[in-house]
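Trainee: Here it is, the structure in full.
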Amino acid sequence: MHEDPATAAAAAPAAAAPAAPTLFDWEFATDPYPAYAWLREHAPVHRTKLPSGVEAWLVTRYADARQALADQRLSKNPAHHAEPAHAKGKTGIPGERKAELMTHLLNIDPPDHTRLRRLVSKAFTPRRVAEFTPRVQELTDHLIDNFAGRGEADLIHEFAFPLPIYAICEMLGVPREDQDDFRDWAGMMIRHGGGPRGGVARSVKQMRNYLVELIHRKRDDLGDDLISGLIRASDHGEHLTENEAAAMAFILLFAGFETTVNLIGNGVHSLFANPDQRSRLQASLAAGETGLLATGVEELLRYDGPVELATWRFATRPLTLGGQDIAAGDPVLVVLAAADRDPARFADPDILDLSRSDNQHLGYGHGIHYCLGAPLARLEGQTALATLLTRIPDLELAVEPEALRWRGGLIMRGLRTLPVRFTPR
């Protein structure tokens, strides 16, 4: 007796839905993109428990991400978090609350955000950054000089890390004799994925105490630096409190260095993994062209950018995002790394194409919180990559790719080390 095919099909069990990927373990940190592709397809706005124990919504599709980044119902102020107060310390920079550094651009909304952003925006205009170009080139060459004769280096600790630290210190007006202290404090801050939070909090407090002292010292000797500009604004009716000035200087340093560390480190790593694109860029640089360098840095930001998740947002009232109902007080995290590989927005998103022209990536954010330091980050990224590839053209990875380790942590994406070798010069 033959069974009716339609009856057999009806009786067969339904195909099981694919299992959700594991998030935020070390395997995920090494290559999160397959997991993000699953979320985009099956759960584009996904509620999950983070390693800290906080539950939050992850937004992974480009259209939803762009909407969320500009949605005024999603506040940057942690006071809107529905969880008990103890959970709030798990949603920002460790130690910033105890150090009274909460009043900065990543934690506030208009009108305070508008006022504070206006005060510092003049320091990051394309004209002001262009004036800083020779100093960035000088710092870049100096750092390469330090290891060029050895034939080996760790590009994170010897190059990608110190370059933006010294650059942002000079823009802030930190005296050169004090900049190594900042380097030590910042080093602790970017190691927080592999170390105790207490160490980060101590570094944050030390940095805060130093900035307050520096603000007092500069009142008697104003210069052309950013901290002097904050003091002048405070003295001319902008009502910038001491805590606001210290918090602003702190977040400009914090946001201005780790992102560029990862831009340079991730960028070199991506070029190692895509030798054809690296060859194109080196040939372009050798010919004295700059167009591929400019589009290339933007593509590296999209392909494996320094900021994996945008900083915390909290729903001020119920809303619907990507078909999901989000309650007032819920945290929302926009996954920039997932949105920037959305095939609905980017052709062949998993392929690195340094000449990609239609590239409105979200690496610098979107809306009123668009990265204030984007012009400086572009300058540092372009200068670092161009100089490194030109001066050390035979640069190569000194370990197997599988031996590289990525730093833990929720917001940033970056390598712990990047060992390289080359012909000594």
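Every chain in the structure tokens takes a letter, A first, then B, and so on in the order presented; its residues are numbered from 1, and the ligands are numbered from 1 following the presented order.
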Any idea what's packed within 9 Å of Phe24 of chain A, counting only C-alpha atoms, ignoring anything in its chain fewer than 3 positions away? Could you give it as a count of residues only?

Mentor: 9

Trainee: Please report the interatomic distance between atom CA of Leu226 of chain A and atom CA of Ile264 of chain A in Å with one decimal.

Mentor: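 Straight-line distance from atom CA of Leu226 of chain A to atom CA of Ile264 of chain A works out to 24.2 Å.
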